[in-house]
file start.tsv (TSV, C-alpha atoms)
chain	number	residue	atom	x	y	z
A	1	MET	CA	63.68	128.85	115.97
A	2	PRO	CA	62.93	132.00	114.01
A	3	VAL	CA	66.23	132.18	112.18
A	4	SER	CA	65.24	132.51	108.54
A	5	VAL	CA	65.80	129.27	106.64
A	6	ALA	CA	64.85	130.89	103.35
A	7	ASN	CA	67.31	133.74	103.70
A	8	SER	CA	70.03	131.41	104.98
A	9	GLN	CA	69.50	129.40	101.79
A	10	ILE	CA	69.85	132.54	99.68
A	11	ILE	CA	73.17	133.32	101.40
A	12	TYR	CA	74.37	129.75	101.02
A	13	ASP	CA	73.42	129.59	97.35
A	14	ALA	CA	75.26	132.86	96.76
A	15	LEU	CA	78.43	131.43	98.32
A	16	LYS	CA	78.11	128.40	96.05
A	17	ALA	CA	77.58	130.63	93.03
A	18	CYS	CA	80.87	132.33	93.94
A	19	ASP	CA	82.64	128.93	93.87
A	20	VAL	CA	83.25	128.87	97.60
A	21	SER	CA	84.35	125.32	98.38
A	22	LEU	CA	85.47	125.66	102.01
A	23	VAL	CA	83.63	127.29	104.90
A	24	SER	CA	84.97	127.69	108.41
A	25	ALA	CA	82.50	128.31	111.17
A	26	LEU	CA	81.84	128.54	114.84
A	27	PRO	CA	78.21	127.96	115.80
A	28	GLU	CA	76.10	131.02	116.50
A	29	THR	CA	72.33	131.17	116.67
A	30	TRP	CA	71.94	133.07	113.42
A	31	LEU	CA	74.36	130.76	111.60
A	32	VAL	CA	72.78	127.40	112.43
A	33	HIS	CA	71.04	126.88	109.09
A	34	LEU	CA	74.06	128.05	107.09
A	35	ILE	CA	76.31	125.63	108.97
A	36	ARG	CA	73.85	122.77	108.48
A	37	MET	CA	73.64	123.54	104.74
A	38	ALA	CA	77.42	123.40	104.50
A	39	GLU	CA	77.47	120.15	106.45
A	40	ASP	CA	74.84	118.54	104.23
A	41	ASP	CA	76.58	119.58	101.00
A	42	PRO	CA	79.04	116.94	99.76
A	43	GLU	CA	80.74	119.55	97.59
A	44	MET	CA	81.52	121.79	100.57
A	45	THR	CA	84.34	121.37	103.08
A	46	LEU	CA	83.06	122.58	106.44
A	47	VAL	CA	85.65	123.22	109.15
A	48	ARG	CA	84.16	123.61	112.60
A	49	LEU	CA	86.52	125.70	114.70
A	50	ALA	CA	87.41	125.91	118.36
A	51	LYS	CA	88.05	129.65	118.00
A	52	GLU	CA	87.42	131.95	115.08
A	53	GLU	CA	91.01	133.12	114.62
A	54	GLU	CA	91.86	129.63	113.36
A	55	GLY	CA	89.61	130.41	110.41
A	56	VAL	CA	91.99	133.14	109.28
A	57	GLY	CA	94.78	130.59	109.03
A	58	ILE	CA	92.58	128.00	107.34
A	59	SER	CA	91.26	130.47	104.77
A	60	ALA	CA	94.79	131.79	104.15
A	61	GLY	CA	96.00	128.26	103.54
A	62	ALA	CA	93.05	127.53	101.28
A	63	HIS	CA	93.69	130.70	99.29
A	64	LEU	CA	97.39	130.00	98.78
A	65	ALA	CA	96.41	126.46	97.75
A	66	GLY	CA	94.01	127.83	95.15
A	67	ALA	CA	90.64	127.30	96.86
A	68	LYS	CA	87.92	129.88	97.49
A	69	SER	CA	86.66	130.02	101.06
A	70	ALA	CA	84.39	131.94	103.37
A	71	MET	CA	84.35	132.47	107.13
A	72	LEU	CA	81.15	132.37	109.17
A	73	MET	CA	81.36	134.00	112.57
A	74	GLN	CA	79.59	136.19	115.06
A	75	ASN	CA	80.93	139.68	115.57
A	76	HIS	CA	82.54	138.50	118.80
A	77	GLY	CA	84.34	135.96	116.64
A	78	PHE	CA	85.56	138.83	114.52
A	79	LEU	CA	86.86	140.47	117.68
A	80	ALA	CA	88.64	137.23	118.56
A	81	SER	CA	90.22	137.08	115.07
A	82	ILE	CA	91.76	140.51	114.87
A	83	ASN	CA	95.38	139.51	115.48
A	84	GLY	CA	95.15	136.90	112.75
A	85	ILE	CA	93.51	139.38	110.40
A	86	VAL	CA	96.25	141.95	110.97
A	87	SER	CA	99.32	139.73	111.27
A	88	LEU	CA	98.39	137.20	108.60
A	89	ALA	CA	95.72	138.45	106.20
A	90	HIS	CA	96.84	142.08	106.10
A	91	LEU	CA	100.56	141.39	106.45
A	92	TYR	CA	100.55	138.84	103.61
A	93	LYS	CA	97.77	140.41	101.53
A	94	ILE	CA	95.37	137.47	101.79
A	95	PRO	CA	91.77	137.91	100.61
A	96	LEU	CA	89.18	136.83	103.17
A	97	LEU	CA	85.44	136.70	102.70
A	98	MET	CA	84.06	137.19	106.21
A	99	LEU	CA	80.35	136.80	106.91
A	100	ILE	CA	79.77	138.24	110.36
A	101	SER	CA	76.49	137.96	112.19
A	102	TYR	CA	75.89	141.49	113.35
A	103	ARG	CA	74.56	141.05	116.82
A	104	GLY	CA	73.91	144.03	119.06
A	105	GLU	CA	72.49	146.50	116.58
A	106	LEU	CA	69.05	148.07	116.86
A	107	GLY	CA	66.51	145.46	117.93
A	108	GLU	CA	68.94	143.34	119.95
A	109	PRO	CA	67.12	141.87	122.96
A	110	ASP	CA	70.08	139.99	124.50
A	111	PRO	CA	71.95	142.28	126.90
A	112	TRP	CA	75.18	140.29	126.49
A	113	GLN	CA	75.33	141.00	122.76
A	114	THR	CA	75.05	144.75	123.01
A	115	GLN	CA	78.67	145.64	123.72
A	116	GLY	CA	80.15	143.87	120.69
A	117	GLY	CA	77.57	145.34	118.36
A	118	GLY	CA	78.67	148.86	119.16
A	119	VAL	CA	82.33	148.32	118.28
A	120	THR	CA	81.99	146.13	115.18
A	121	VAL	CA	81.76	148.81	112.51
A	122	PRO	CA	84.27	151.20	114.17
A	123	LEU	CA	86.78	148.32	114.34
A	124	LEU	CA	86.20	147.33	110.71
A	125	ASP	CA	86.80	150.96	109.74
A	126	THR	CA	89.90	151.24	111.94
A	127	LEU	CA	91.32	148.08	110.37
A	128	GLY	CA	90.58	149.40	106.88
A	129	ILE	CA	88.35	146.43	106.09
A	130	PRO	CA	85.70	147.26	103.46
A	131	TRP	CA	82.26	146.14	104.62
A	132	ASP	CA	78.65	146.12	103.58
A	133	ARG	CA	75.38	145.06	105.17
A	134	LEU	CA	73.35	142.05	104.13
A	135	ASP	CA	69.88	143.12	105.19
A	136	ASP	CA	67.72	142.46	102.13
A	137	PRO	CA	67.41	139.05	100.45
A	138	ALA	CA	67.13	140.72	97.04
A	139	SER	CA	70.67	142.10	97.22
A	140	VAL	CA	72.42	139.21	98.99
A	141	GLU	CA	73.90	137.44	95.97
A	142	HIS	CA	75.02	140.67	94.35
A	143	ARG	CA	76.72	141.95	97.48
A	144	ILE	CA	78.47	138.65	98.25
A	145	ARG	CA	79.83	138.52	94.72
A	146	LYS	CA	80.99	142.13	94.91
A	147	ALA	CA	82.66	141.49	98.26
A	148	GLN	CA	84.52	138.46	96.91
A	149	THR	CA	85.55	140.39	93.81
A	150	LEU	CA	87.02	143.23	95.87
A	151	ALA	CA	88.75	140.86	98.31
A	152	ASN	CA	90.50	139.12	95.43
A	153	ALA	CA	91.33	142.30	93.55
A	154	ALA	CA	92.66	144.13	96.60
A	155	HIS	CA	94.18	141.04	98.27
A	156	LYS	CA	92.56	141.90	101.55
A	157	PRO	CA	89.75	140.90	103.91
A	158	VAL	CA	86.23	142.12	103.17
A	159	ALA	CA	83.34	141.81	105.63
A	160	LEU	CA	79.61	141.34	105.14
A	161	LEU	CA	77.41	142.02	108.14
A	162	LEU	CA	74.53	139.57	108.43
A	163	CYS	CA	71.83	141.84	109.81
A	164	ARG	CA	68.79	141.14	111.97
A	165	ASP	CA	66.33	142.08	109.24
A	166	LEU	CA	67.79	139.34	107.03
A	167	MET	CA	68.54	136.61	109.55
A	168	TRP	CA	65.70	136.81	112.05
A	169	GLU	CA	62.02	136.29	111.37
A	170	ALA	CA	60.25	138.56	113.84
B	1	MET	CA	119.66	118.21	119.23
B	2	GLN	CA	119.72	121.65	117.71
B	3	ARG	CA	116.75	122.56	115.55
B	4	ILE	CA	118.96	123.40	112.58
B	5	GLU	CA	120.50	119.92	112.76
B	6	ALA	CA	117.02	118.43	112.66
B	7	LEU	CA	116.10	120.61	109.69
B	8	ARG	CA	119.29	119.68	107.85
B	9	ALA	CA	118.62	115.98	108.41
B	10	ILE	CA	115.21	116.06	106.73
B	11	TYR	CA	115.82	118.86	104.21
B	12	PRO	CA	116.19	116.45	101.24
B	13	GLN	CA	112.67	115.12	101.97
B	14	LEU	CA	111.17	118.62	101.65
B	15	ASP	CA	111.61	118.81	97.90
B	16	ASP	CA	108.11	117.82	96.82
B	17	VAL	CA	106.03	118.62	99.90
B	18	VAL	CA	104.34	121.86	100.91
B	19	VAL	CA	106.08	123.44	103.90
B	20	VAL	CA	104.68	126.06	106.30
B	21	THR	CA	106.88	127.33	109.12
B	22	ILE	CA	106.38	129.62	112.06
B	23	MET	CA	108.23	132.88	112.58
B	24	GLY	CA	111.66	133.65	113.90
B	25	ALA	CA	114.37	131.09	114.30
B	26	VAL	CA	112.61	128.28	112.40
B	27	ALA	CA	112.08	130.46	109.34
B	28	ALA	CA	115.59	131.93	109.41
B	29	GLU	CA	117.24	128.55	109.87
B	30	LEU	CA	115.30	126.85	107.08
B	31	GLN	CA	116.12	129.77	104.77
B	32	SER	CA	119.80	129.51	105.75
B	33	ILE	CA	119.79	125.89	104.58
B	34	GLY	CA	118.11	126.92	101.37
B	35	HIS	CA	114.81	128.51	100.41
B	36	ARG	CA	112.55	126.67	98.01
B	37	PRO	CA	109.40	128.00	96.35
B	38	ASN	CA	107.30	125.38	98.17
B	39	PHE	CA	108.24	126.88	101.56
B	40	PHE	CA	106.03	129.51	103.24
B	41	TYR	CA	107.22	131.32	106.36
B	42	LEU	CA	104.49	132.73	108.58
B	43	GLN	CA	106.50	135.53	110.16
B	44	HIS	CA	103.77	136.62	112.60
B	45	ALA	CA	100.29	135.42	113.62
B	46	MET	CA	101.64	133.04	116.25
B	47	GLY	CA	99.61	129.87	116.44
B	48	LEU	CA	98.16	129.94	112.95
B	49	ALA	CA	100.81	127.97	111.04
B	50	SER	CA	99.03	124.71	111.88
B	51	SER	CA	95.71	126.24	110.81
B	52	MET	CA	97.29	127.28	107.50
B	53	GLY	CA	98.59	123.76	107.07
B	54	LEU	CA	95.09	122.43	107.70
B	55	GLY	CA	93.62	124.79	105.10
B	56	ILE	CA	96.18	123.71	102.52
B	57	ALA	CA	95.88	120.01	103.34
B	58	LEU	CA	92.08	120.05	103.07
B	59	SER	CA	92.14	122.08	99.84
B	60	ARG	CA	94.83	119.99	98.14
B	61	PRO	CA	94.51	116.38	99.35
B	62	GLU	CA	96.89	115.22	96.64
B	63	LEU	CA	99.80	117.14	98.23
B	64	LYS	CA	101.77	116.33	101.37
B	65	VAL	CA	101.88	119.25	103.79
B	66	VAL	CA	104.48	119.71	106.52
B	67	VAL	CA	104.12	122.35	109.25
B	68	PHE	CA	107.13	123.32	111.34
B	69	ASP	CA	105.57	124.65	114.52
B	70	GLY	CA	106.99	125.59	117.91
B	71	ASP	CA	106.00	125.14	121.52
B	72	GLY	CA	105.19	128.82	122.04
B	73	SER	CA	103.05	128.93	118.93
B	74	VAL	CA	101.16	125.71	119.69
B	75	LEU	CA	100.45	126.98	123.20
B	76	MET	CA	98.79	130.03	121.63
B	77	ASN	CA	96.40	127.85	119.63
B	78	LEU	CA	95.82	124.67	121.63
B	79	GLY	CA	92.23	124.62	120.37
B	80	GLY	CA	93.65	124.29	116.87
B	81	LEU	CA	94.94	120.83	117.81
B	82	THR	CA	91.34	119.75	118.35
B	83	THR	CA	90.43	121.12	114.92
B	84	LEU	CA	93.36	119.28	113.30
B	85	ALA	CA	92.26	116.11	115.05
B	86	ARG	CA	88.64	116.59	114.08
B	87	TYR	CA	89.41	116.67	110.35
B	88	ARG	CA	92.68	114.68	110.61
B	89	PRO	CA	93.86	115.21	107.03
B	90	PRO	CA	96.05	112.20	106.22
B	91	ASN	CA	98.39	114.38	104.16
B	92	LEU	CA	99.48	116.64	107.05
B	93	VAL	CA	102.60	116.20	109.17
B	94	HIS	CA	102.70	118.61	112.11
B	95	VAL	CA	106.20	118.96	113.53
B	96	VAL	CA	106.57	120.89	116.78
B	97	PHE	CA	110.08	121.99	117.71
B	98	ASP	CA	109.91	122.23	121.49
B	99	ASN	CA	112.76	124.23	123.00
B	100	GLU	CA	110.70	125.05	126.11
B	101	SER	CA	111.30	128.70	125.38
B	102	LEU	CA	110.03	131.77	123.57
B	103	LEU	CA	113.48	132.02	122.05
B	104	SER	CA	112.78	134.63	119.40
B	105	VAL	CA	111.57	137.18	121.94
B	106	GLY	CA	114.21	136.74	124.59
B	107	GLY	CA	114.12	133.14	125.76
B	108	PHE	CA	111.35	133.24	128.31
B	109	PRO	CA	110.40	129.72	129.43
B	110	THR	CA	107.11	128.29	128.12
B	111	ALA	CA	104.82	125.91	129.97
B	112	THR	CA	106.55	122.91	128.39
B	113	SER	CA	109.51	123.83	130.66
B	114	THR	CA	107.31	123.11	133.65
B	115	GLY	CA	105.93	119.83	132.40
B	116	SER	CA	103.17	120.49	129.86
B	117	ASP	CA	103.38	117.66	127.34
B	118	LEU	CA	102.46	118.78	123.84
B	119	ALA	CA	102.55	115.29	122.32
B	120	GLY	CA	100.25	114.15	125.10
B	121	ILE	CA	97.93	117.11	124.56
B	122	ALA	CA	97.82	116.36	120.81
B	123	ARG	CA	97.12	112.68	121.50
B	124	GLU	CA	94.28	113.45	123.88
B	125	ALA	CA	92.91	116.01	121.43
B	126	GLY	CA	92.51	113.09	119.05
B	127	VAL	CA	95.48	113.37	116.70
B	128	PRO	CA	95.82	109.76	115.51
B	129	ARG	CA	99.64	109.59	115.43
B	130	THR	CA	101.76	111.41	117.98
B	131	ALA	CA	105.31	111.03	119.21
B	132	GLU	CA	107.96	112.92	121.12
B	133	VAL	CA	111.53	112.39	120.00
B	134	GLU	CA	115.00	113.50	121.02
B	135	GLY	CA	118.12	113.32	118.89
B	136	VAL	CA	118.65	113.78	115.17
B	137	GLU	CA	118.49	110.11	114.20
B	138	ALA	CA	115.28	109.47	116.07
B	139	PHE	CA	113.73	112.65	114.68
B	140	SER	CA	114.74	111.90	111.12
B	141	ALA	CA	113.36	108.36	111.34
B	142	ALA	CA	110.10	109.52	112.93
B	143	PHE	CA	109.69	112.24	110.31
B	144	ASP	CA	110.16	109.78	107.45
B	145	GLU	CA	107.64	107.42	109.06
B	146	ALA	CA	105.16	110.28	109.45
B	147	LEU	CA	105.55	111.30	105.80
B	148	ALA	CA	104.92	107.72	104.73
B	149	ALA	CA	102.14	107.00	107.23
B	150	ASN	CA	99.32	108.72	105.37
B	151	GLU	CA	97.77	109.64	108.72
B	152	LEU	CA	97.77	112.96	110.56
B	153	THR	CA	100.84	113.08	112.78
B	154	THR	CA	101.99	115.52	115.45
B	155	LEU	CA	105.69	114.96	116.02
B	156	VAL	CA	107.19	116.85	118.95
B	157	ALA	CA	110.97	117.22	118.62
B	158	LYS	CA	112.79	118.35	121.74
B	159	VAL	CA	115.48	120.83	120.72
B	160	GLU	CA	118.00	123.08	122.46
B	161	PRO	CA	117.01	126.72	122.99
B	162	VAL	CA	119.52	128.08	120.49
B	163	GLY	CA	118.88	129.85	117.24
B	164	PRO	CA	120.50	131.94	114.57
B	165	PRO	CA	122.14	135.30	115.37
B	166	GLY	CA	119.37	137.20	113.56
B	167	PHE	CA	115.94	136.64	112.12
B	168	ILE	CA	115.80	139.10	109.21
B	169	THR	CA	116.44	137.42	105.89
B	170	ASP	CA	116.63	138.78	102.36
B	171	LEU	CA	113.32	137.22	101.32
B	172	PRO	CA	110.52	139.79	101.51
B	173	LEU	CA	107.27	138.47	102.99
B	174	LEU	CA	105.15	139.26	99.95
B	175	GLU	CA	107.65	137.80	97.51
B	176	ASN	CA	107.50	134.57	99.51
B	177	ARG	CA	103.69	134.65	99.62
B	178	PHE	CA	103.10	135.17	95.90
B	179	GLN	CA	105.90	132.82	94.82
B	180	PHE	CA	104.49	130.11	97.11
B	181	ALA	CA	100.93	130.47	95.82
B	182	ARG	CA	102.13	130.42	92.22
B	183	HIS	CA	104.31	127.38	92.85
B	184	LEU	CA	101.48	125.46	94.51
B	185	ARG	CA	99.52	125.73	91.29
B	186	THR	CA	102.23	123.69	89.56
B	187	MET	CA	102.56	121.02	92.24
B	188	GLY	CA	100.85	117.66	92.10
B	189	GLN	CA	100.23	117.79	88.38
call {"tool": "encode", "arguments": {"input": "start.tsv", "output": "C-alpha cells"}}
result
Amino acid sequence: MPVSVANSQIIYDALKACDVSLVSALPETWLVHLIRMAEDDPEMTLVRLAKEEEGVGISAGAHLAGAKSAMLMQNHGFLASINGIVSLAHLYKIPLLMLISYRGELGEPDPWQTQGGGVTVPLLDTLGIPWDRLDDPASVEHRIRKAQTLANAAHKPVALLLCRDLMWEA
Amino acid sequence: MQRIEALRAIYPQLDDVVVVTIMGAVAAELQSIGHRPNFFYLQHAMGLASSMGLGIALSRPELKVVVFDGDGSVLMNLGGLTTLARYRPPNLVHVVFDNESLLSVGGFPTATSTGSDLAGIAREAGVPRTAEVEGVEAFSAAFDEALAANELTTLVAKVEPVGPPGFITDLPLLENRFQFARHLRTMGQ
C-alpha cells in the first residue's frame, strides 16, 4: 500500500512532541499507519469511533479534563462532524486539533472522493476554522505545533489538511 | 417517577464525581436543585454528552464520571454506545432518562415510545452492566450500585414526560465551561 510510512511517522512524532495523549480516529486509507502507530504506542489512548462526530465530544471531554488530543478523520468525517463542531466546540470555545485527510483534490483517482474534496476548504472558511496544508514533510512538525498553539490560544478548532503529496507515495 | 425526583434522590452522591448532562430539562432541573462546579451542561450537540463523558473518563481514570443522558440524545448517537462499550471505562456511569419524548422541543414521541429498548441496545452493544429501572427507590439503589461497581454501566431510568417551565438558567454557558475545567484540575488530588 503506497501510503507513506515515513511521513506518517513524522506526523505521529509531531503529535507526540506536542504532548498529544489521546487520538480519536475512524479508519481511512491514508490514516492506516497513523492509527497503527497510535495503537502500538502504550503512552497513547486511541479511541476508534463509529462516526467522526463522536470525536468532537471525546476531544472536548479530554480538553476539559486537562488532556491534549487530536482527531484523525477523512474530509467526509469532517462533514459528518459539523454539528458537533458548531454546537459543542464553537459554542463552548473548545480547542480541537483536527487532522483531515484531504481527499478529492488534484490527483484524486477515486470518483467517489471528488465531491467532498471540493467543499472541504469552503466549509472550513465558512465555519471560521483556521486551516493549513500538510504537504511537505519538512514543515509537518512546525505546522502541527502552530496549529495546536492557535487552537489553545483562541479556544477553537483548527484543521490541518493531510495532502496527497505528503500521504501518498506515487 | 419524575426526572427531578430521581435527580434529587441521588444529588448527595454527586458531590465528588464529574457530571455531564444533556441540554434542556435535565440541565435546568439539576441546576434548580443546585449547581456545583463539577457539573457540566451540554446545552446543544445532542448525542455527544456520552462521548464527552468517555473523553473525560479515559483522560482521568482516577475520577468517577456520571453522564445524564436522554432517550432522544442517545438515539442520535447510537454508534456512541458501541464506542463506550469498546473502551468500557470502569469509572463511567451512563444514566439515560427515558421519557419516550423529545420533551424540550415540544414533546414529540421518540422510538422508545414504540418499543425500542435502550438498555437492550446498550447491552447488545457490549456495555458490561445495563439495567432499566422504574421508580425513585429502584433508581437510587441502581445508581448507587453502578457508582460502586467499578464497571461501565448504562442505567435507563423510565421517567414521566414532564419538565420545568423553562430551560434558560442564569448560568452562562462559557462560565460553566471554564469553571468546570478549572475545577477538574483540583479534583482527585
call {"tool": "residues_around", "arguments": {"input": "start.tsv", "residues": "A:Pro122", "least_positions_apart": "6", "cutoff": "12 Å", "atoms": "all atoms listed in the file", "output": "number ranges by chain"}}
result
A: 79, 116, 128-131
call {"tool": "closest_residue", "arguments": {"input": "start.tsv", "among": "A:Ile100, A:Leu34, A:Ile85, A:Ala70", "to": "chain B", "atoms": "all atoms listed in the file"}}
result
A:Ile85
call {"tool": "interface_residues", "arguments": {"input": "start.tsv", "of": "chain B", "to": "chain A", "cutoff": "6 Å", "atoms": "all atoms listed in the file", "output": "short mmCIF file (atom, residue, chain, number, x, y, z; two decimals) with C-alpha atoms, keeping the file's coordinate frame"}}
result
data_model
loop_
_atom_site.label_atom_id
_atom_site.label_comp_id
_atom_site.auth_asym_id
_atom_site.auth_seq_id
_atom_site.Cartn_x
_atom_site.Cartn_y
_atom_site.Cartn_z
CA HIS B 44 103.77 136.62 112.60
CA ALA B 45 100.29 135.42 113.62
CA LEU B 48 98.16 129.94 112.95
CA SER B 51 95.71 126.24 110.81
CA MET B 52 97.29 127.28 107.50
CA GLY B 55 93.62 124.79 105.10
CA ILE B 56 96.18 123.71 102.52
CA SER B 59 92.14 122.08 99.84
CA GLY B 79 92.23 124.62 120.37
CA LEU B 174 105.15 139.26 99.95
CA ALA B 181 100.93 130.47 95.82
#
call {"tool": "atom_distance", "arguments": {"input": "start.tsv", "atom1": "atom CA of B:Leu103", "atom2": "atom CA of B:Phe143"}}
result
23.3 Å
call {"tool": "closest_residue", "arguments": {"input": "start.tsv", "among": "A:Arg145, A:Lys156, A:Arg133, A:Arg164", "to": "A:Glu108", "atoms": "only C-alpha atoms"}}
result
A:Arg164
call {"tool": "residues_near_point", "arguments": {"input": "start.tsv", "point": "(103.1, 130.7, 122.2)", "cutoff": "12 Å", "atoms": "all atoms listed in the file", "output": "PyMOL selection string"}}
result
chain B and resi 22-23+44-49+69-78+96+98-105+107-112
call {"tool": "atom_distance", "arguments": {"input": "start.tsv", "atom1": "atom CA of B:Val136", "atom2": "atom CA of B:Pro61"}}
result
29.0 Å
call {"tool": "atom_distance", "arguments": {"input": "start.tsv", "atom1": "atom CA of A:Thr120", "atom2": "atom CA of A:Val158"}}
result
13.4 Å
call {"tool": "residues_around", "arguments": {"input": "start.tsv", "residues": "B:Pro12", "least_positions_apart": "3", "cutoff": "12 Å", "atoms": "only C-alpha atoms", "output": "list in words"}}
result
Ala6, Leu7, Arg8, Ala9, Asp15, Asp16, Val17, Leu30, Ile33, Gly34, Arg36, Ser140, Phe143 and Asp144 of chain B
call {"tool": "closest_residue", "arguments": {"input": "start.tsv", "among": "A:Glu43, A:Asp136, A:Asp110, A:Glu52", "to": "A:Asp19", "atoms": "all atoms listed in the file"}}
result
A:Glu43
call {"tool": "closest_residue", "arguments": {"input": "start.tsv", "among": "B:Ser113, B:Thr82, B:Gln13, B:Gln179", "to": "B:Ser50", "atoms": "only C-alpha atoms"}}
result
B:Thr82
call {"tool": "residues_around", "arguments": {"input": "start.tsv", "residues": "A:Pro137", "least_positions_apart": "5", "cutoff": "10 Å", "atoms": "all atoms listed in the file", "output": "VMD selection string"}}
result
chain A and resid 6 to 11 142 165 to 167
call {"tool": "residues_around", "arguments": {"input": "start.tsv", "residues": "A:Arg103", "least_positions_apart": "3", "cutoff": "12 Å", "atoms": "all atoms listed in the file", "output": "compact mmCIF listing (two decimals) with C-alpha atoms, in the frame of the given file"}}
result
# COMPACT_ATOMS: atom_id res chain seq x y z
CA GLU A 28 76.10 131.02 116.50
CA THR A 29 72.33 131.17 116.67
CA TRP A 30 71.94 133.07 113.42
CA LEU A 31 74.36 130.76 111.60
CA MET A 73 81.36 134.00 112.57
CA GLN A 74 79.59 136.19 115.06
CA ASN A 75 80.93 139.68 115.57
CA HIS A 76 82.54 138.50 118.80
CA GLY A 77 84.34 135.96 116.64
CA PHE A 78 85.56 138.83 114.52
CA ILE A 100 79.77 138.24 110.36
CA LEU A 106 69.05 148.07 116.86
CA GLY A 107 66.51 145.46 117.93
CA GLU A 108 68.94 143.34 119.95
CA PRO A 109 67.12 141.87 122.96
CA ASP A 110 70.08 139.99 124.50
CA PRO A 111 71.95 142.28 126.90
CA TRP A 112 75.18 140.29 126.49
CA GLN A 113 75.33 141.00 122.76
CA THR A 114 75.05 144.75 123.01
CA GLN A 115 78.67 145.64 123.72
CA GLY A 116 80.15 143.87 120.69
CA GLY A 117 77.57 145.34 118.36
CA GLY A 118 78.67 148.86 119.16
CA VAL A 119 82.33 148.32 118.28
CA THR A 120 81.99 146.13 115.18
CA VAL A 121 81.76 148.81 112.51
CA LEU A 161 77.41 142.02 108.14
CA LEU A 162 74.53 139.57 108.43
CA CYS A 163 71.83 141.84 109.81
CA ARG A 164 68.79 141.14 111.97
CA ASP A 165 66.33 142.08 109.24
CA MET A 167 68.54 136.61 109.55
CA TRP A 168 65.70 136.81 112.05
call {"tool": "residues_around", "arguments": {"input": "start.tsv", "residues": "B:Glu134", "least_positions_apart": "3", "cutoff": "7 Å", "atoms": "only C-alpha atoms", "output": "PyMOL selection string"}}
result
chain B and resi 1+138-139+157-158
call {"tool": "build_atoms", "arguments": {"input": "start.tsv", "residues": "stretch 172-189 of chain B", "atoms": "N, CA and C atoms", "output": "mmCIF file, keeping the file's coordinate frame"}}
result
data_model
loop_
_atom_site.group_PDB
_atom_site.id
_atom_site.type_symbol
_atom_site.label_atom_id
_atom_site.label_comp_id
_atom_site.auth_asym_id
_atom_site.auth_seq_id
_atom_site.Cartn_x
_atom_site.Cartn_y
_atom_site.Cartn_z
ATOM 1 N N PRO B 172 111.668 139.005 101.049
ATOM 2 C CA PRO B 172 110.520 139.790 101.510
ATOM 3 C C PRO B 172 109.265 138.916 101.690
ATOM 4 N N LEU B 173 108.449 139.282 102.655
ATOM 5 C CA LEU B 173 107.270 138.470 102.990
ATOM 6 C C LEU B 173 106.353 138.278 101.792
ATOM 7 N N LEU B 174 106.112 139.360 101.055
ATOM 8 C CA LEU B 174 105.150 139.260 99.950
ATOM 9 C C LEU B 174 105.720 138.494 98.773
ATOM 10 N N GLU B 175 107.043 138.599 98.569
ATOM 11 C CA GLU B 175 107.650 137.800 97.510
ATOM 12 C C GLU B 175 107.449 136.311 97.816
ATOM 13 N N ASN B 176 107.697 135.953 99.080
ATOM 14 C CA ASN B 176 107.500 134.570 99.510
ATOM 15 C C ASN B 176 106.050 134.133 99.283
ATOM 16 N N ARG B 177 105.112 134.981 99.684
ATOM 17 C CA ARG B 177 103.690 134.650 99.620
ATOM 18 C C ARG B 177 103.212 134.422 98.178
ATOM 19 N N PHE B 178 103.598 135.310 97.274
ATOM 20 C CA PHE B 178 103.100 135.170 95.900
ATOM 21 C C PHE B 178 103.842 134.052 95.157
ATOM 22 N N GLN B 179 105.145 133.916 95.437
ATOM 23 C CA GLN B 179 105.900 132.820 94.820
ATOM 24 C C GLN B 179 105.324 131.469 95.248
ATOM 25 N N PHE B 180 105.026 131.360 96.546
ATOM 26 C CA PHE B 180 104.490 130.110 97.110
ATOM 27 C C PHE B 180 103.153 129.755 96.461
ATOM 28 N N ALA B 181 102.253 130.741 96.398
ATOM 29 C CA ALA B 181 100.930 130.470 95.820
ATOM 30 C C ALA B 181 101.062 130.068 94.346
ATOM 31 N N ARG B 182 101.947 130.746 93.645
ATOM 32 C CA ARG B 182 102.130 130.420 92.220
ATOM 33 C C ARG B 182 102.708 129.022 92.072
ATOM 34 N N HIS B 183 103.674 128.702 92.942
ATOM 35 C CA HIS B 183 104.310 127.380 92.850
ATOM 36 C C HIS B 183 103.321 126.261 93.172
ATOM 37 N N LEU B 184 102.442 126.511 94.132
ATOM 38 C CA LEU B 184 101.480 125.460 94.510
ATOM 39 C C LEU B 184 100.578 125.088 93.343
ATOM 40 N N ARG B 185 100.358 126.041 92.449
ATOM 41 C CA ARG B 185 99.520 125.730 91.290
ATOM 42 C C ARG B 185 100.180 124.713 90.369
ATOM 43 N N THR B 186 101.516 124.624 90.446
ATOM 44 C CA THR B 186 102.230 123.690 89.560
ATOM 45 C C THR B 186 102.474 122.346 90.230
ATOM 46 N N MET B 187 102.240 122.264 91.534
ATOM 47 C CA MET B 187 102.560 121.020 92.240
ATOM 48 C C MET B 187 101.432 120.001 92.083
ATOM 49 N N GLY B 188 101.821 118.741 92.117
ATOM 50 C CA GLY B 188 100.850 117.660 92.100
ATOM 51 C C GLY B 188 100.196 117.443 90.760
ATOM 52 N N GLN B 189 100.826 117.954 89.710
ATOM 53 C CA GLN B 189 100.230 117.790 88.380
ATOM 54 C C GLN B 189 101.040 116.829 87.534
#
